>>> print(open('data-v2.cif').read())   # mmCIF, C-alpha atoms
data_start
loop_
_atom_site.label_atom_id
_atom_site.label_comp_id
_atom_site.auth_asym_id
_atom_site.auth_seq_id
_atom_site.Cartn_x
_atom_site.Cartn_y
_atom_site.Cartn_z
CA MET A 1 33.20 -1.34 8.54
CA LYS A 2 31.74 -0.22 5.24
CA LEU A 3 28.04 -0.97 5.02
CA THR A 4 27.23 -3.07 1.95
CA ARG A 5 24.32 -5.29 0.96
CA ARG A 6 26.29 -8.35 2.05
CA SER A 7 27.39 -6.94 5.40
CA LEU A 8 23.83 -5.77 6.01
CA LEU A 9 22.45 -9.22 5.34
CA THR A 10 25.11 -11.13 7.22
CA GLY A 11 25.59 -9.02 10.29
CA CYS A 12 23.26 -6.07 10.62
CA LEU A 13 20.91 -7.63 13.13
CA GLY A 14 23.53 -8.32 15.76
CA THR A 15 22.03 -5.63 17.94
CA LEU A 16 18.68 -7.38 17.65
CA GLY A 17 19.87 -10.64 19.12
CA GLY A 18 22.94 -11.81 17.28
CA ILE A 19 21.21 -13.91 14.66
CA PRO A 20 23.00 -13.60 11.30
CA LEU A 21 21.14 -13.68 8.05
CA GLU A 22 21.90 -16.40 5.54
CA PHE A 23 22.02 -14.86 2.10
CA THR A 24 22.27 -16.61 -1.22
CA ARG A 25 21.98 -15.01 -4.62
CA PRO A 26 18.67 -16.13 -6.19
CA SER A 27 18.87 -18.65 -9.00
CA THR A 28 17.99 -17.58 -12.51
CA SER A 29 15.66 -20.56 -12.65
CA HIS A 30 12.03 -19.47 -12.33
CA ALA A 31 11.15 -22.47 -10.19
CA ALA A 32 14.06 -21.79 -7.85
CA ALA A 33 13.26 -18.09 -7.80
CA VAL A 34 9.87 -18.72 -6.24
CA SER A 35 10.75 -21.63 -3.98
CA SER A 36 14.13 -20.86 -2.46
CA SER A 37 14.44 -19.11 0.90
CA THR A 38 16.63 -16.05 0.55
CA TYR A 39 17.26 -15.36 4.20
CA LEU A 40 16.61 -16.67 7.65
CA PHE A 41 14.79 -13.63 8.97
CA PRO A 42 14.68 -12.99 12.75
CA TRP A 43 11.06 -11.97 13.08
CA GLU A 44 10.99 -12.25 16.86
CA GLU A 45 13.99 -9.98 17.37
CA VAL A 46 12.61 -7.34 15.01
CA ARG A 47 9.22 -7.55 16.71
CA ASN A 48 10.78 -7.11 20.14
CA GLN A 49 12.84 -4.12 19.04
CA LEU A 50 9.89 -2.37 17.42
CA GLY A 51 7.63 -3.25 20.34
CA ARG A 52 10.02 -1.56 22.75
CA ARG A 53 10.20 1.59 20.64
CA PHE A 54 6.59 2.07 19.52
CA HIS A 55 3.52 1.50 21.65
CA ASP A 56 0.99 1.25 18.76
CA LEU A 57 2.96 -0.48 16.04
CA ARG A 58 0.08 -1.19 13.65
CA ARG A 59 -0.26 2.57 13.00
CA HIS A 60 3.18 2.46 11.41
CA PHE A 61 1.96 0.20 8.59
CA VAL A 62 0.24 2.35 5.99
CA PHE A 63 -1.78 1.29 2.95
CA GLU A 64 -1.73 3.55 -0.11
CA TYR A 65 -5.46 4.02 -0.75
CA TYR A 66 -7.39 5.29 -3.81
CA PRO A 67 -10.91 6.72 -3.36
CA TRP A 68 -11.32 7.60 -7.07
CA TYR A 69 -13.73 4.90 -8.31
CA ALA A 70 -17.38 5.31 -9.32
CA ASN A 71 -19.91 3.38 -11.37
CA GLU A 72 -22.84 5.73 -12.04
CA PRO A 73 -21.31 6.83 -14.36
CA PHE A 74 -18.10 4.82 -14.33
CA ARG A 75 -15.02 6.63 -13.13
CA HIS A 76 -11.47 5.25 -13.39
CA TRP A 77 -12.74 1.77 -14.28
CA GLN A 78 -12.95 3.04 -17.89
CA GLN A 79 -9.33 4.28 -18.03
CA TRP A 80 -7.43 3.78 -21.31
CA ASP A 81 -10.50 2.88 -23.37
CA ARG A 82 -11.96 0.16 -21.18
CA ARG A 83 -15.71 -0.44 -21.29
CA PRO A 84 -17.00 -1.50 -17.87
CA PRO A 85 -18.60 -3.31 -16.20
CA LYS A 86 -17.14 -6.45 -17.85
CA ASP A 87 -14.16 -4.74 -19.48
CA ILE A 88 -12.46 -2.76 -16.70
CA ALA A 89 -9.18 -0.91 -16.16
CA ALA A 90 -7.54 -3.74 -14.28
CA ASN A 91 -5.82 -7.00 -15.15
CA THR A 92 -7.72 -8.73 -12.38
CA VAL A 93 -11.37 -8.41 -11.43
CA PRO A 94 -11.98 -7.19 -7.85
CA TRP A 95 -13.88 -9.39 -5.45
CA LEU A 96 -16.38 -6.51 -5.19
CA GLY A 97 -16.50 -5.90 -8.94
CA PRO A 98 -16.14 -2.36 -10.39
CA TYR A 99 -17.32 -0.63 -7.23
CA ASP A 100 -18.06 2.95 -6.18
CA SER A 101 -15.67 4.48 -3.64
CA ARG A 102 -18.59 6.42 -2.13
CA ALA A 103 -20.67 3.33 -1.29
CA VAL A 104 -20.90 2.68 2.45
CA LYS A 105 -20.95 -1.11 2.02
CA VAL A 106 -17.80 -0.98 -0.09
CA LEU A 107 -16.00 1.21 2.45
CA GLU A 108 -17.08 -0.99 5.33
CA GLN A 109 -15.72 -4.07 3.59
CA HIS A 110 -12.48 -2.26 2.80
CA ALA A 111 -12.14 -1.20 6.42
CA ARG A 112 -12.70 -4.76 7.67
CA TRP A 113 -10.11 -6.14 5.27
CA ILE A 114 -7.58 -3.46 6.20
CA ALA A 115 -8.11 -3.97 9.93
CA ASP A 116 -7.83 -7.74 9.55
CA SER A 117 -4.52 -7.35 7.70
CA GLY A 118 -2.95 -5.65 10.73
CA VAL A 119 -2.55 -2.30 8.95
CA GLY A 120 -3.62 0.66 11.08
CA THR A 121 -3.44 3.63 8.68
CA ILE A 122 -4.38 4.52 5.11
CA ASN A 123 -2.72 7.16 2.93
CA ILE A 124 -5.37 8.72 0.70
CA SER A 125 -4.59 9.76 -2.86
CA TRP A 126 -5.76 13.39 -2.86
CA TRP A 127 -6.31 15.51 -5.98
CA GLY A 128 -7.03 19.01 -4.72
CA GLN A 129 -9.72 20.96 -2.90
CA GLY A 130 -13.18 20.20 -4.22
CA SER A 131 -12.03 17.18 -6.27
CA PHE A 132 -13.80 13.82 -6.38
CA SER A 133 -11.27 12.38 -3.95
CA ASP A 134 -11.62 15.38 -1.62
CA ARG A 135 -15.41 15.00 -1.48
CA ALA A 136 -15.01 11.29 -0.72
CA VAL A 137 -12.90 11.88 2.41
CA PRO A 138 -15.55 12.65 5.13
CA LEU A 139 -17.47 9.40 4.69
CA LEU A 140 -14.25 7.46 4.18
CA MET A 141 -12.86 8.81 7.46
CA ASP A 142 -16.09 8.00 9.30
CA VAL A 143 -16.07 4.38 8.16
CA MET A 144 -12.34 3.86 8.67
CA GLY A 145 -12.59 5.42 12.12
CA ASP A 146 -15.33 2.96 13.07
CA HIS A 147 -12.73 0.23 12.48
CA ASP A 148 -9.94 2.06 14.33
CA ILE A 149 -8.04 2.99 11.17
CA ARG A 150 -6.34 6.39 10.89
CA VAL A 151 -6.11 8.53 7.75
CA THR A 152 -3.31 10.59 6.20
CA PHE A 153 -2.82 12.11 2.74
CA HIS A 154 -0.73 11.72 -0.40
CA LEU A 155 -0.80 14.94 -2.47
CA GLU A 156 -0.97 14.19 -6.18
CA PRO A 157 0.13 16.44 -9.12
CA TYR A 158 -3.40 17.69 -9.76
CA THR A 159 -2.42 21.07 -11.21
CA GLN A 160 0.59 22.75 -12.81
CA ASP A 161 0.81 25.27 -9.96
CA ARG A 162 0.64 22.65 -7.23
CA VAL A 163 3.85 23.89 -5.62
CA THR A 164 2.37 27.34 -4.97
CA ARG A 165 -0.78 25.76 -3.55
CA PHE A 166 1.09 23.21 -1.46
CA PRO A 167 1.18 25.16 1.84
CA SER A 168 -2.50 26.11 1.65
CA ASP A 169 -3.44 22.57 0.57
CA VAL A 170 -1.74 21.02 3.59
CA ILE A 171 -3.30 23.58 5.92
CA TYR A 172 -6.70 22.87 4.35
CA LEU A 173 -6.29 19.14 4.99
CA LEU A 174 -5.25 19.77 8.58
CA LYS A 175 -8.21 22.05 9.26
CA GLU A 176 -10.92 20.31 7.24
CA PHE A 177 -10.16 16.71 8.17
CA GLY A 178 -8.26 17.28 11.41
CA GLU A 179 -9.17 20.29 13.47
CA ASN A 180 -12.80 20.53 12.31
CA ARG A 181 -13.29 16.88 13.27
CA ARG A 182 -11.40 17.30 16.54
CA TRP A 183 -8.66 15.09 15.09
CA ASP A 184 -10.91 12.05 15.53
CA HIS A 185 -9.30 9.77 12.93
CA PHE A 186 -6.40 11.86 11.64
CA PHE A 187 -3.05 10.10 11.63
CA PHE A 188 -0.21 11.48 13.73
CA ASP A 189 3.12 9.77 13.33
CA GLU A 190 4.63 9.01 16.73
CA ARG A 191 8.42 8.82 16.90
CA ASP A 192 10.07 6.59 19.48
CA ASP A 193 10.64 9.62 21.76
CA ARG A 194 6.80 9.99 21.80
CA SER A 195 6.83 13.26 19.82
CA LYS A 196 3.98 13.40 17.32
CA GLY A 197 3.01 15.17 14.15
CA PRO A 198 1.27 14.80 10.79
CA VAL A 199 2.93 13.22 7.76
CA PHE A 200 2.29 14.20 4.15
CA LYS A 201 3.63 12.49 1.05
CA THR A 202 3.87 13.98 -2.42
CA PHE A 203 3.85 12.21 -5.76
CA SER A 204 5.68 13.35 -8.92
CA THR A 205 7.67 15.87 -6.92
CA ILE A 206 11.29 15.98 -8.09
CA HIS A 207 12.12 15.63 -11.78
CA PRO A 208 15.08 16.39 -14.03
CA SER A 209 14.83 19.76 -15.77
CA GLN A 210 14.95 18.06 -19.18
CA ILE A 211 14.46 14.55 -20.52
CA GLU A 212 15.12 13.07 -23.96
CA ASP A 213 12.16 11.34 -25.57
CA CYS A 214 12.30 8.36 -27.95
CA HIS A 215 12.68 10.70 -30.93
CA GLY A 216 15.82 12.29 -29.50
CA VAL A 217 13.99 15.50 -28.58
CA TRP A 218 14.84 17.12 -25.24
CA GLN A 219 11.82 18.40 -23.36
CA LYS A 220 10.95 19.84 -19.99
CA PRO A 221 8.82 17.35 -18.00
CA PRO A 222 5.33 18.78 -17.41
CA ASP A 223 5.61 18.33 -13.63
CA TYR A 224 9.12 19.79 -13.30
CA VAL A 225 9.50 22.31 -10.46
CA PRO A 226 12.89 23.76 -9.43
CA ASP A 227 14.03 22.57 -6.01
CA SER A 228 14.20 26.19 -4.87
CA GLU A 229 10.46 26.62 -5.48
CA TRP A 230 9.68 23.54 -3.44
CA ARG A 231 11.97 24.88 -0.72
CA ARG A 232 10.08 28.17 -0.56
CA ALA A 233 6.80 26.27 -0.32
CA THR A 234 7.95 23.85 2.38
CA ASP A 235 9.59 26.66 4.38
CA ARG A 236 6.41 28.72 4.19
CA LEU A 237 4.37 25.78 5.42
CA ARG A 238 6.72 25.05 8.32
CA ASN A 239 6.75 28.70 9.35
CA THR A 240 2.96 28.73 9.45
CA LEU A 241 2.74 25.55 11.54
CA ARG A 242 5.86 25.99 13.68
CA THR A 243 3.93 26.22 16.98
CA ASP A 244 1.12 23.76 16.22
CA PHE A 245 2.80 20.34 16.34
CA ASP A 246 5.87 18.64 17.77
CA ARG A 247 6.94 18.16 14.17
CA ILE A 248 5.58 17.88 10.64
CA THR A 249 7.09 15.29 8.30
CA LEU A 250 7.11 15.94 4.55
CA LEU A 251 8.13 13.08 2.25
CA ALA A 252 9.02 13.29 -1.45
CA ASP A 253 8.76 10.39 -3.90
CA SER A 254 12.38 10.62 -4.99
CA VAL A 255 15.63 8.78 -4.30
CA GLU A 256 17.80 11.81 -5.06
CA ALA A 257 18.73 12.60 -1.48
CA ARG A 258 20.50 15.89 -2.16
CA ARG A 259 17.59 17.26 -4.14
CA VAL A 260 15.09 16.03 -1.55
CA ARG A 261 16.93 17.95 1.13
CA ALA A 262 17.40 21.01 -1.11
CA ALA A 263 13.63 21.04 -1.73
CA GLY A 264 12.97 21.16 2.01
CA PHE A 265 11.55 17.67 2.51
CA ASP A 266 12.31 15.53 5.58
CA GLY A 267 12.74 12.31 3.73
CA MET A 268 12.20 10.21 0.67
CA ALA A 269 9.42 7.72 0.08
CA PRO A 270 9.44 6.61 -3.57
CA TYR A 271 6.20 5.10 -4.78
CA GLY A 272 5.73 1.69 -6.32
CA PRO A 273 8.00 -1.23 -7.22
CA PHE A 274 10.29 0.55 -9.70
CA VAL A 275 13.12 1.38 -7.31
CA LYS A 276 15.20 -1.80 -7.45
CA ARG A 277 15.65 -3.51 -4.11
CA ALA A 278 19.37 -3.90 -4.86
CA ASP A 279 19.65 -0.10 -4.69
CA TRP A 280 17.67 0.48 -1.49
CA LEU A 281 20.72 0.33 0.76
CA SER A 282 22.68 2.92 -1.22
CA TYR A 283 19.70 5.26 -1.22
CA ALA A 284 19.16 4.74 2.51
CA LEU A 285 22.82 5.51 3.17
CA ALA A 286 22.64 8.69 1.10
CA ALA A 287 19.51 9.80 2.94
CA SER A 288 21.03 9.03 6.33
CA ARG A 289 24.18 11.05 5.61
CA LEU A 290 22.01 14.09 4.90
CA GLY A 291 19.75 13.71 7.92
CA LEU A 292 16.78 12.44 5.92
CA VAL A 293 14.44 9.59 6.78
CA PHE A 294 13.35 7.03 4.19
CA SER A 295 10.68 4.46 3.43
CA PHE A 296 10.55 2.11 0.44
CA ASN A 297 7.25 0.56 -0.61
CA VAL A 298 6.28 -2.95 0.34
CA ASN A 299 4.62 -4.28 -2.79
CA PRO A 300 3.48 -7.47 -4.58
CA GLY A 301 4.92 -6.38 -7.92
CA PHE A 302 3.42 -4.63 -10.93
CA ASP A 303 0.95 -5.74 -13.59
CA GLU A 304 -0.29 -2.69 -15.46
CA ILE A 305 -3.04 -2.69 -18.09
CA VAL A 306 -2.04 -1.97 -21.69
CA ARG A 307 -3.02 1.22 -23.48
CA ARG A 308 -5.18 0.15 -26.41
CA ASN A 309 -5.14 3.27 -28.57
CA VAL A 310 -1.71 4.78 -29.04
CA GLU A 311 -0.70 7.45 -31.55
CA PRO A 312 1.70 6.12 -34.24
CA ASP A 313 4.53 8.42 -33.15
CA SER A 314 3.93 7.96 -29.45
CA CYS A 315 6.83 7.03 -27.16
CA TYR A 316 4.55 4.76 -25.15
CA THR A 317 5.89 1.31 -24.37
CA ARG A 318 4.24 -1.22 -22.15
CA ARG A 319 5.81 -1.31 -18.71
CA PRO A 320 7.10 -4.75 -17.67
CA PHE A 321 5.54 -7.20 -15.28
CA ILE A 322 7.36 -7.14 -11.92
CA PRO A 323 9.01 -9.29 -10.64
CA ARG A 324 10.66 -9.87 -14.01
CA THR A 325 9.99 -13.31 -15.40
CA ARG A 326 9.36 -15.00 -18.72
CA ASP A 327 6.35 -13.99 -20.79
CA LEU A 328 3.26 -15.34 -19.08
CA ALA A 329 0.30 -16.88 -20.89
CA TRP A 330 -2.61 -15.70 -18.73
CA THR A 331 -5.01 -18.30 -20.10
CA LYS A 332 -2.86 -21.02 -18.52
CA PRO A 333 -3.54 -21.86 -14.85
CA GLY A 334 0.14 -22.68 -14.26
CA ASP A 335 1.25 -19.23 -15.39
CA ARG A 336 -1.35 -17.50 -13.24
CA GLU A 337 -0.12 -19.51 -10.27
CA LEU A 338 3.49 -18.65 -11.06
CA ALA A 339 2.51 -14.96 -10.96
CA LYS A 340 0.89 -15.61 -7.58
CA GLN A 341 4.05 -17.22 -6.17
CA LEU A 342 6.22 -14.41 -7.51
CA GLY A 343 3.89 -11.87 -5.92
CA GLU A 344 4.10 -13.58 -2.55
CA ARG A 345 7.88 -13.63 -2.75
CA GLN A 346 8.00 -9.96 -3.75
CA THR A 347 5.78 -9.01 -0.81
CA LYS A 348 7.87 -10.92 1.69
CA GLU A 349 11.22 -9.68 0.41
CA THR A 350 10.21 -6.02 0.16
CA LEU A 351 8.83 -6.14 3.70
CA GLN A 352 11.96 -7.82 5.05
CA TRP A 353 14.24 -5.31 3.32
CA SER A 354 12.17 -2.41 4.61
CA LEU A 355 12.43 -3.79 8.14
CA LEU A 356 16.18 -4.37 7.82
CA LEU A 357 16.91 -0.86 6.64
CA GLN A 358 14.54 0.93 8.97
CA THR A 359 15.81 -0.86 12.08
CA HIS A 360 19.53 -0.80 11.31
CA PRO A 361 21.36 1.31 13.94
CA TRP A 362 23.87 2.61 11.39
CA LEU A 363 21.13 4.21 9.28
CA GLY A 364 19.21 7.38 9.98
CA ASN A 365 15.69 6.18 10.72
CA VAL A 366 16.71 4.72 14.08
CA SER A 367 18.53 7.84 15.25
CA GLN A 368 15.53 9.94 14.26
CA GLY A 369 13.06 7.57 15.89
CA PHE A 370 11.22 7.12 12.60
CA PHE A 371 9.51 3.97 11.35
CA LEU A 372 6.79 3.94 8.67
CA VAL A 373 6.12 1.10 6.24
CA TYR A 374 4.10 2.20 3.21
CA ILE A 375 2.33 -0.63 1.40
CA CYS A 376 1.65 -0.22 -2.32
CA SER A 377 -1.25 -0.49 -2.58
CA PHE A 378 -4.64 -1.36 -1.20
CA ASN A 379 -6.48 -0.67 -4.46
CA GLU A 380 -4.59 0.85 -7.37
CA TRP A 381 -6.11 -1.68 -9.71
CA HIS A 382 -4.91 -0.46 -13.10
CA GLU A 383 -1.26 -0.94 -12.05
CA GLY A 384 -1.87 -4.34 -10.50
CA THR A 385 -0.30 -3.44 -7.13
CA GLN A 386 -3.47 -4.01 -5.11
CA PHE A 387 -3.76 -6.15 -2.00
CA GLU A 388 -7.54 -5.76 -2.06
CA PRO A 389 -9.00 -9.21 -2.78
CA MET A 390 -9.68 -10.34 -6.34
CA LYS A 391 -12.24 -12.80 -7.56
CA ASN A 392 -11.13 -16.40 -7.59
CA PHE A 393 -10.59 -17.44 -11.20
CA SER A 394 -13.41 -19.97 -10.86
CA ALA A 395 -15.82 -17.13 -10.01
CA LEU A 396 -15.21 -15.19 -13.24
CA THR A 397 -18.13 -15.09 -15.65
CA GLN A 398 -17.78 -16.18 -19.26
CA ASP A 399 -17.84 -12.52 -20.33
CA GLU A 400 -15.01 -11.76 -17.91
CA ARG A 401 -12.93 -14.73 -19.03
CA ALA A 402 -13.18 -13.46 -22.59
CA HIS A 403 -10.98 -10.53 -21.50
CA GLU A 404 -8.23 -12.88 -20.26
CA TYR A 405 -8.03 -11.45 -16.77
CA HIS A 406 -5.10 -12.57 -14.62
CA ASN A 407 -7.11 -13.69 -11.57
CA PRO A 408 -5.46 -16.56 -9.66
CA SER A 409 -7.28 -19.50 -8.16
CA ASP A 410 -7.18 -17.80 -4.74
CA GLY A 411 -8.12 -14.14 -5.00
CA PHE A 412 -7.40 -13.47 -1.33
CA TYR A 413 -3.81 -14.67 -1.40
CA ARG A 414 -2.15 -11.25 -1.30
CA LEU A 415 -4.07 -9.88 1.65
CA ARG A 416 -3.81 -13.18 3.53
CA HIS A 417 -0.06 -13.38 2.95
CA LEU A 418 0.47 -9.78 4.04
CA ALA A 419 -1.61 -10.33 7.17
CA ASP A 420 0.51 -13.36 8.06
CA LEU A 421 3.73 -11.36 7.66
CA ILE A 422 2.55 -8.33 9.62
CA GLY A 423 1.10 -10.66 12.24
CA ARG A 424 4.62 -11.83 13.02
CA LEU A 425 5.43 -8.31 14.18
CA LEU A 426 2.35 -7.35 16.18
#
>>> encode(input="data-v2.cif", output="structure tokens")
Amino acid sequence: MKLTRRSLLTGCLGTLGGIPLEFTRPSTSHAAAVSSSTYLFPWEEVRNQLGRRFHDLRRHFVFEYYPWYANEPFRHWQQWDRRPPKDIAANTVPWLGPYDSRAVKVLEQHARWIADSGVGTINISWWGQGSFSDRAVPLLMDVMGDHDIRVTFHLEPYTQDRVTRFPSDVIYLLKEFGENRRWDHFFFDERDDRSKGPVFKTFSTIHPSQIEDCHGVWQKPPDYVPDSEWRRATDRLRNTLRTDFDRITLLADSVEARRVRAAGFDGMAPYGPFVKRADWLSYALAASRLGLVFSFNVNPGFDEIVRRNVEPDSCYTRRPFIPRTRDLAWTKPGDRELAKQLGERQTKETLQWSLLLQTHPWLGNVSQGFFLVYICSFNEWHEGTQFEPMKNFSALTQDERAHEYHNPSDGFYRLRHLADLIGRLL
């Protein structure tokens, strides 16, 4: 049988207990889009299968985590010409306000929220040796470890020669935050055969060699690196670590399976909500055929801040709100609540699709014993993907309301909803 979206939805869980999924194409009506039930999802069967395969399932749910905030002086909260503390680089005001990622009280609250959600691992956005994020890691690991949360790393494009530094960067992370700490809170991915090893993601890894801008000019993307260069770097790293771990898993944020394999990565883990859910199956099939693993982000959607000062000839265009809907008037309570309902639906559907694809016996993750669910994000506030709690709208000050923030009536809804969903599996 050819595997399609419909056959996946209607029959793929037979091996989990024979319960078919009822699939209907969502209505174009906004009301129907947030109220209709898309599938009858067999949570118990999925939980039982995963429980048999993995003995510490919560470790396989991973929050993307950003330790790049400060407030003396402000860091990141002032992005794109914002003026904190009232005017911040976010469309919603955090429950904790514009905080400092180095504050113990902030980290302790983050750790409690993460632990309560059922998530057992965080994936730290890392920007190079000696960077602000690098210096934030020791305390962050201490606090997360006190709440039984493990830590892994997401290597960002912090320099043009990142590819040449990649092997030494990974080895640095392993030594500095693993070996030197006796591996106290370092995350090791355990496959279902009980083999273990570290996992590292990369962001902005695989690009086309040229792209055409809005003026019709073809240019080389600034982060472009030939696949062959990545392959030399990943091979060099594997050769160095070949006797140290059962395995090491390297994930690229790309859906181009052939290029991911050519670059020497073990799998693809695209970041954010921009890879359409309708395409996940085809990408998973392509990865599986080439022996790659895959993980697509669970997310509540996207609500990025607008750049205020743009050059007249700039190609910048505002990125759309996700899930797509009509234009929302953020001063209206009904529109803020519609955004909340759409976010809940997006979270549920992306989690269900991730579970379907990662537990399907015809796809490669099962045969490789791999299961990791990345959640985008705990606190990338300027893109509006955060599950970290927001202020209730009623708690906003008059100065904050003047900036037309998008806070809903219940600022905890995302984290609470996610905790309920994950709780069905643990």
>>> closest_residue(input="data-v2.cif", among="A:Leu251, A:Asp116, A:Lys391, A:Thr359", to="Pro98 in chain A", atoms="all atoms listed in the file")
A:Lys391
>>> closest_residue(input="data-v2.cif", among="A:Glu400, A:Ile171, A:Glu44, A:Leu418", to="Thr240 in chain A", atoms="all atoms listed in the file")
A:Ile171
>>> resolve_selection(input="data-v2.cif", expression="the PyMOL selection byres ((chain A and resi 90) around 9)", output="PyMOL selection string")
chain A and resi 77+87-89+91-94+303-305+380-384+405
>>> residues_around(input="data-v2.cif", residues="range 263-265 of chain A", least_positions_apart="4", cutoff="12 Å", atoms="only C-alpha atoms", output="number ranges by chain")
A: 163, 199-202, 205-207, 225-238, 248-259, 269, 287, 290-294
>>> atom_distance(input="data-v2.cif", atom1="CA of Asp100 in chain A", atom2="CA of Pro138 in chain A")
15.1 Å
>>> atom_distance(input="data-v2.cif", atom1="CA of Ser354 in chain A", atom2="CA of Gln341 in chain A")
20.0 Å
>>> atom_distance(input="data-v2.cif", atom1="CA of Pro167 in chain A", atom2="CA of Gly197 in chain A")
16.0 Å
>>> resolve_selection(input="data-v2.cif", expression="the PyMOL selection byres ((chain A and resi 367) around 12)", output="ChimeraX atom specification")
/A:53,191-193,288-289,291-293,358-366,368-371
>>> resolve_selection(input="data-v2.cif", expression="the PyMOL selection byres ((chain A and resi 150) around 6)", output="ChimeraX atom specification")
/A:121,149,151,185-187
>>> closest_residue(input="data-v2.cif", among="A:Asp279, A:Glu45, A:Asp327, A:Asp246", to="Arg194 in chain A", atoms="only C-alpha atoms")
A:Asp246
>>> residues_near_point(input="data-v2.cif", point="(13.7, 5.2, -30.8)", cutoff="12 Å", atoms="all atoms listed in the file", output="PyMOL selection string")
chain A and resi 212-217+313-317
>>> closest_residue(input="data-v2.cif", among="A:Thr385, A:Ser117, A:Ser101, A:Gln219", to="Asp134 in chain A", atoms="all atoms listed in the file")
A:Ser101
>>> residues_around(input="data-v2.cif", residues="Asp56 in chain A", least_positions_apart="6", cutoff="10 Å", atoms="all atoms listed in the file", output="list of chain:residue names")
A:Leu50, A:Gly120, A:Glu190, A:Leu426
>>> closest_residue(input="data-v2.cif", among="A:Val119, A:His110, A:Gln210, A:Leu173", to="Met144 in chain A", atoms="all atoms listed in the file")
A:His110
>>> residues_near_point(input="data-v2.cif", point="(6.2, -5.9, -17.9)", cutoff="8 Å", atoms="only C-alpha atoms", output="PyMOL selection string")
chain A and resi 302-304+318-322+324
